[in-house]
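Working notes, structure below.
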Amino acid sequence: MRKENIVLVGFMGCGKTTIGKKLARANDCVFIDMDDEIEKRAGMKITDIFEKYGEAEFRKMETELCEELSVRQGCVIATGGGVIKSEKNMELLKKNGIVLYIKASPEHIYNNIRGDKSRPLLNGGNKMKKIRDMMEERRPLYEERSDVEADITGMKSSEAVGLIMDILREMEK
């Protein structure tokens, strides 16, 4: 089991949860999906948190969870797509973790989430345009605040896990 955490960042729908679960199994680690954990604690879906309390309250919950996770060890953590926007969150997650940016093309993202209605920031209007615009806005943050990146465009999740395992092994040398 790894001591440091593997923290997965990337745009919503890039596969952080799917890849994270497989990566956790391969590394004998605990898997934590931050969005799922926030939903469990709040007793409601993220879309309902946004609707009822707004994005600011959701981000506050996210930061509280990052504080807790910063002292954990041996976890694979799938973050929410917007966690990268908070410098404080990223500092917390880096305390005991390698931050890995799962990069994918807008088309790859769209194919993963085109029928998904559970993503409040993409609901209504042209989903592909929203994806492109938000990805362009966040890309510099993903690149600046991550330790390493893996471009998984066009890959199946098992291929992506293989690529990430290779990257992690290379980092350990």
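All residue names refer to the structure tokens as shown: chains lettered A, B, ... in order, residues numbered from 1 in each chain, ligands numbered from 1 in order.
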Surrounding residues of segment 30-37 of chain A excluding itself and chain neighbours under 2 positions, 7 Å, only C-alpha atoms, as a PyMOL selection string: chain A and resi 17+20-21+24+39-41+74-80
Please, which residues in segment 4-96 of chain A fall within 8 Å of segment 129-139 of chain A when counting only C-alpha atoms, and what is the closest atom pair and distance in Å to one decimal for each, ordered by chain then residue number, as a tab-separated table?
residue	atom	partner	partner_atom	distance
A:Phe11	CA	A:Met135	CA	6.7
A:Ile84	CA	A:Arg138	CA	7.7
A:Lys85	CA	A:Arg138	CA	7.4
Please provide the set of residues having any atom within 9 Å of Gly10 of chain A, restricted to only C-alpha atoms, with same-chain residues fewer than 5 positions apart removed, written as a list in words. Gly15, Lys16, Thr79, Gly80, Gly81, Gly82, Ile84, Leu100, Tyr101, Ile102, Lys103, Ala104, Arg139 and Tyr142 of chain A
Selection: 12 Å around Lys156 of chain A, only C-alpha atoms, excl. self and same-chain fewer than 5 positions, as a ChimeraX atom specification: /A:14-15,18-19,22,104,108,112,151,161-163
Could you write out the selected residues, including N, CA, C and O atoms, as a compact mmCIF listing (two decimals), in the first residue's frame?
# COMPACT_ATOMS: atom_id res chain seq x y z
N CYS A 14 -14.15 13.28 -16.94
CA CYS A 14 -12.93 12.74 -17.55
C CYS A 14 -12.67 11.30 -17.10
O CYS A 14 -11.86 10.61 -17.69
N GLY A 15 -13.38 10.86 -16.05
CA GLY A 15 -13.22 9.47 -15.60
C GLY A 15 -12.53 9.32 -14.26
O GLY A 15 -12.06 8.23 -13.92
N THR A 18 -14.22 6.41 -12.15
CA THR A 18 -14.02 5.09 -12.75
C THR A 18 -12.56 4.67 -12.68
O THR A 18 -12.22 3.56 -12.25
N ILE A 19 -11.68 5.57 -13.10
CA ILE A 19 -10.25 5.29 -13.08
C ILE A 19 -9.76 5.16 -11.64
O ILE A 19 -8.98 4.27 -11.31
N LYS A 22 -10.39 1.74 -10.00
CA LYS A 22 -9.48 0.71 -10.52
C LYS A 22 -8.05 0.95 -10.03
O LYS A 22 -7.34 -0.01 -9.72
N ALA A 104 -8.24 15.11 -20.85
CA ALA A 104 -8.98 14.49 -21.95
C ALA A 104 -9.53 15.60 -22.84
O ALA A 104 -9.72 16.73 -22.39
N HIS A 108 -13.99 13.79 -25.79
CA HIS A 108 -13.94 12.64 -24.89
C HIS A 108 -14.87 12.89 -23.70
O HIS A 108 -15.66 12.02 -23.32
N ASN A 112 -18.51 11.02 -22.61
CA ASN A 112 -18.70 10.41 -21.29
C ASN A 112 -19.95 10.92 -20.58
O ASN A 112 -20.55 10.18 -19.80
N ASP A 151 -2.69 12.18 -20.30
CA ASP A 151 -3.69 12.45 -21.34
C ASP A 151 -4.32 11.13 -21.73
O ASP A 151 -3.68 10.26 -22.31
N VAL A 161 -5.70 3.46 -16.63
CA VAL A 161 -5.09 3.00 -15.38
C VAL A 161 -3.68 2.50 -15.66
O VAL A 161 -2.74 2.79 -14.91
N GLY A 162 -3.49 1.75 -16.73
CA GLY A 162 -2.16 1.28 -17.11
C GLY A 162 -1.19 2.43 -17.33
O GLY A 162 -0.05 2.40 -16.85
N LEU A 163 -1.65 3.46 -18.04
CA LEU A 163 -0.82 4.64 -18.29
C LEU A 163 -0.45 5.32 -16.96
O LEU A 163 0.72 5.66 -16.72
Mind checking DSSP for chain A and telling me the alpha helix (DSSP H) residues as number ranges by chain? A: 16-26, 34-42, 46-53, 55-69, 87-94, 106-113, 127-145, 157-172
With C-alpha atoms retained, could you export that selection as a tab-separated table (two decimals), in the first residue's frame?
chain	number	residue	atom	x	y	z
A	16	LYS	CA	-11.75	10.32	-12.19
A	17	THR	CA	-14.20	8.04	-10.36
A	18	THR	CA	-14.02	5.09	-12.75
A	19	ILE	CA	-10.25	5.29	-13.08
A	20	GLY	CA	-9.83	6.03	-9.37
A	21	LYS	CA	-11.66	2.88	-8.28
A	22	LYS	CA	-9.48	0.71	-10.52
A	23	LEU	CA	-6.33	2.55	-9.47
A	24	ALA	CA	-7.18	2.04	-5.79
A	25	ARG	CA	-7.63	-1.70	-6.34
A	26	ALA	CA	-4.33	-1.92	-8.22
A	34	MET	CA	-15.16	13.60	-2.87
A	35	ASP	CA	-18.48	14.35	-4.56
A	36	ASP	CA	-20.01	11.12	-3.21
A	37	GLU	CA	-18.68	11.90	0.26
A	38	ILE	CA	-20.15	15.42	0.20
A	39	GLU	CA	-23.52	14.05	-0.94
A	40	LYS	CA	-23.47	11.47	1.85
A	41	ARG	CA	-22.67	14.08	4.50
A	42	ALA	CA	-25.20	16.61	3.19
A	46	ILE	CA	-24.85	17.90	-5.48
A	47	THR	CA	-27.46	19.31	-7.87
A	48	ASP	CA	-29.74	19.83	-4.84
A	49	ILE	CA	-26.92	21.43	-2.81
A	50	PHE	CA	-26.32	23.90	-5.66
A	51	GLU	CA	-30.04	24.56	-6.02
A	52	LYS	CA	-30.78	24.98	-2.32
A	53	TYR	CA	-27.57	26.56	-1.00
A	55	GLU	CA	-22.10	26.97	-5.33
A	56	ALA	CA	-20.37	28.88	-2.51
A	57	GLU	CA	-21.80	26.55	0.14
A	58	PHE	CA	-20.83	23.50	-1.91
A	59	ARG	CA	-17.25	24.85	-2.20
A	60	LYS	CA	-17.17	25.36	1.58
A	61	MET	CA	-18.14	21.69	2.09
A	62	GLU	CA	-15.45	20.72	-0.40
A	63	THR	CA	-12.77	22.64	1.52
A	64	GLU	CA	-13.80	21.03	4.83
A	65	LEU	CA	-13.41	17.61	3.23
A	66	CYS	CA	-10.00	18.56	1.76
A	67	GLU	CA	-8.86	19.48	5.28
A	68	GLU	CA	-9.83	16.01	6.51
A	69	LEU	CA	-8.25	14.23	3.54
A	87	GLU	CA	-5.59	27.25	-4.11
A	88	LYS	CA	-6.26	26.34	-0.46
A	89	ASN	CA	-7.86	23.02	-1.45
A	90	MET	CA	-4.94	22.15	-3.67
A	91	GLU	CA	-2.41	22.99	-0.96
A	92	LEU	CA	-4.34	20.75	1.45
A	93	LEU	CA	-4.50	17.84	-1.01
A	94	LYS	CA	-0.79	18.18	-1.87
A	106	PRO	CA	-13.66	18.10	-24.93
A	107	GLU	CA	-15.05	15.42	-27.26
A	108	HIS	CA	-13.94	12.64	-24.89
A	109	ILE	CA	-15.62	14.46	-21.98
A	110	TYR	CA	-18.78	15.06	-23.98
A	111	ASN	CA	-19.01	11.39	-24.97
A	112	ASN	CA	-18.70	10.41	-21.29
A	113	ILE	CA	-21.40	12.77	-20.00
A	127	LYS	CA	-23.37	21.35	-23.40
A	128	MET	CA	-20.38	21.03	-25.75
A	129	LYS	CA	-19.80	24.80	-25.76
A	130	LYS	CA	-20.01	24.89	-21.95
A	131	ILE	CA	-17.51	22.04	-21.73
A	132	ARG	CA	-15.07	23.79	-24.08
A	133	ASP	CA	-15.40	27.16	-22.30
A	134	MET	CA	-15.03	25.74	-18.79
A	135	MET	CA	-12.14	23.48	-19.80
A	136	GLU	CA	-10.32	26.43	-21.35
A	137	GLU	CA	-10.88	28.46	-18.18
A	138	ARG	CA	-9.63	25.70	-15.88
A	139	ARG	CA	-6.84	24.22	-18.03
A	140	PRO	CA	-4.12	26.59	-16.74
A	141	LEU	CA	-5.07	25.72	-13.15
A	142	TYR	CA	-4.98	21.97	-13.80
A	143	GLU	CA	-1.56	22.32	-15.42
A	144	GLU	CA	-0.16	24.66	-12.75
A	145	ARG	CA	-1.52	22.89	-9.66
A	157	SER	CA	-10.53	3.21	-18.32
A	158	SER	CA	-8.32	0.09	-18.07
A	159	GLU	CA	-5.87	1.62	-20.57
A	160	ALA	CA	-5.88	4.87	-18.60
A	161	VAL	CA	-5.09	3.00	-15.38
A	162	GLY	CA	-2.16	1.28	-17.11
A	163	LEU	CA	-0.82	4.64	-18.29
A	164	ILE	CA	-1.18	6.15	-14.80
A	165	MET	CA	0.52	3.15	-13.16
A	166	ASP	CA	3.44	3.58	-15.58
A	167	ILE	CA	3.64	7.30	-14.72
A	168	LEU	CA	3.59	6.60	-10.98
A	169	ARG	CA	6.29	3.93	-11.31
A	170	GLU	CA	8.42	6.37	-13.31
A	171	MET	CA	8.00	9.02	-10.59
A	172	GLU	CA	9.26	6.60	-7.93
What residues in segment 92-172 of chain A get the DSSP label strand (DSSP E)? Please answer as JSON, numbers by chain. {"A": [97, 98, 99, 100, 101, 102, 103, 148, 149, 150, 151]}
Okay, now the selection with N, CA, C and O atoms, as a PDB file, in the first residue's frame?
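again29.pdb, freshly written:
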ATOM      1  N   GLY A  97      -0.046  14.085  -0.818  1.00  0.00           N
ATOM      2  CA  GLY A  97      -0.472  13.410  -2.029  1.00  0.00           C
ATOM      3  C   GLY A  97       0.201  13.898  -3.291  1.00  0.00           C
ATOM      4  O   GLY A  97       0.694  15.020  -3.363  1.00  0.00           O
ATOM      5  N   ILE A  98       0.198  13.034  -4.271  1.00  0.00           N
ATOM      6  CA  ILE A  98       0.624  13.364  -5.628  1.00  0.00           C
ATOM      7  C   ILE A  98      -0.648  13.767  -6.364  1.00  0.00           C
ATOM      8  O   ILE A  98      -1.612  13.005  -6.398  1.00  0.00           O
ATOM      9  N   VAL A  99      -0.643  14.950  -6.952  1.00  0.00           N
ATOM     10  CA  VAL A  99      -1.812  15.420  -7.690  1.00  0.00           C
ATOM     11  C   VAL A  99      -1.617  15.100  -9.162  1.00  0.00           C
ATOM     12  O   VAL A  99      -0.681  15.586  -9.799  1.00  0.00           O
ATOM     13  N   LEU A 100      -2.490  14.238  -9.676  1.00  0.00           N
ATOM     14  CA  LEU A 100      -2.404  13.772 -11.050  1.00  0.00           C
ATOM     15  C   LEU A 100      -3.579  14.331 -11.861  1.00  0.00           C
ATOM     16  O   LEU A 100      -4.726  14.110 -11.500  1.00  0.00           O
ATOM     17  N   TYR A 101      -3.259  15.060 -12.895  1.00  0.00           N
ATOM     18  CA  TYR A 101      -4.256  15.675 -13.781  1.00  0.00           C
ATOM     19  C   TYR A 101      -4.635  14.677 -14.870  1.00  0.00           C
ATOM     20  O   TYR A 101      -3.811  14.293 -15.682  1.00  0.00           O
ATOM     21  N   ILE A 102      -5.881  14.248 -14.847  1.00  0.00           N
ATOM     22  CA  ILE A 102      -6.396  13.384 -15.906  1.00  0.00           C
ATOM     23  C   ILE A 102      -6.937  14.302 -16.993  1.00  0.00           C
ATOM     24  O   ILE A 102      -7.964  14.950 -16.826  1.00  0.00           O
ATOM     25  N   LYS A 103      -6.196  14.353 -18.074  1.00  0.00           N
ATOM     26  CA  LYS A 103      -6.499  15.256 -19.177  1.00  0.00           C
ATOM     27  C   LYS A 103      -7.233  14.478 -20.275  1.00  0.00           C
ATOM     28  O   LYS A 103      -6.883  13.336 -20.557  1.00  0.00           O
ATOM     29  N   VAL A 148       1.712  16.001 -12.037  1.00  0.00           N
ATOM     30  CA  VAL A 148       1.935  15.207 -13.245  1.00  0.00           C
ATOM     31  C   VAL A 148       0.604  15.103 -13.986  1.00  0.00           C
ATOM     32  O   VAL A 148      -0.457  15.252 -13.376  1.00  0.00           O
ATOM     33  N   GLU A 149       0.666  14.862 -15.294  1.00  0.00           N
ATOM     34  CA  GLU A 149      -0.587  14.703 -16.043  1.00  0.00           C
ATOM     35  C   GLU A 149      -0.555  13.454 -16.905  1.00  0.00           C
ATOM     36  O   GLU A 149       0.512  12.974 -17.284  1.00  0.00           O
ATOM     37  N   ALA A 150      -1.758  12.955 -17.166  1.00  0.00           N
ATOM     38  CA  ALA A 150      -1.925  11.791 -18.039  1.00  0.00           C
ATOM     39  C   ALA A 150      -3.028  12.128 -19.033  1.00  0.00           C
ATOM     40  O   ALA A 150      -4.166  12.361 -18.631  1.00  0.00           O
ATOM     41  N   ASP A 151      -2.689  12.184 -20.304  1.00  0.00           N
ATOM     42  CA  ASP A 151      -3.692  12.453 -21.336  1.00  0.00           C
ATOM     43  C   ASP A 151      -4.321  11.125 -21.726  1.00  0.00           C
ATOM     44  O   ASP A 151      -3.679  10.260 -22.310  1.00  0.00           O
TER      45      ASP A 151
END
Could you work out how far atom CA of Ser86 of chain A lies from atom CA of Lys3 of chain A, giving the answer in Å with one decimal?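 Computing the Euclidean distance for atom CA of Lys3 of chain A and atom CA of Ser86 of chain A yields 24.5 Å.
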Can you work out which one of A:Met44, A:Met12, A:Ile6, A:Met155 has the shortest atom-to-atom distance to Ser70 of chain A, counting only C-alpha atoms? A:Ile6
Mind giving me the straight-line distance from atom CA of Gln73 of chain A to atom CA of Glu4 of chain A in Å, one decimal?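 Taking atom CA of Gln73 of chain A and atom CA of Glu4 of chain A, their separation equals 5.4 Å.
One distance worth recording is that between atom CA of Asp147 of chain A and atom CA of Val71 of chain A, which is 18.6 Å.
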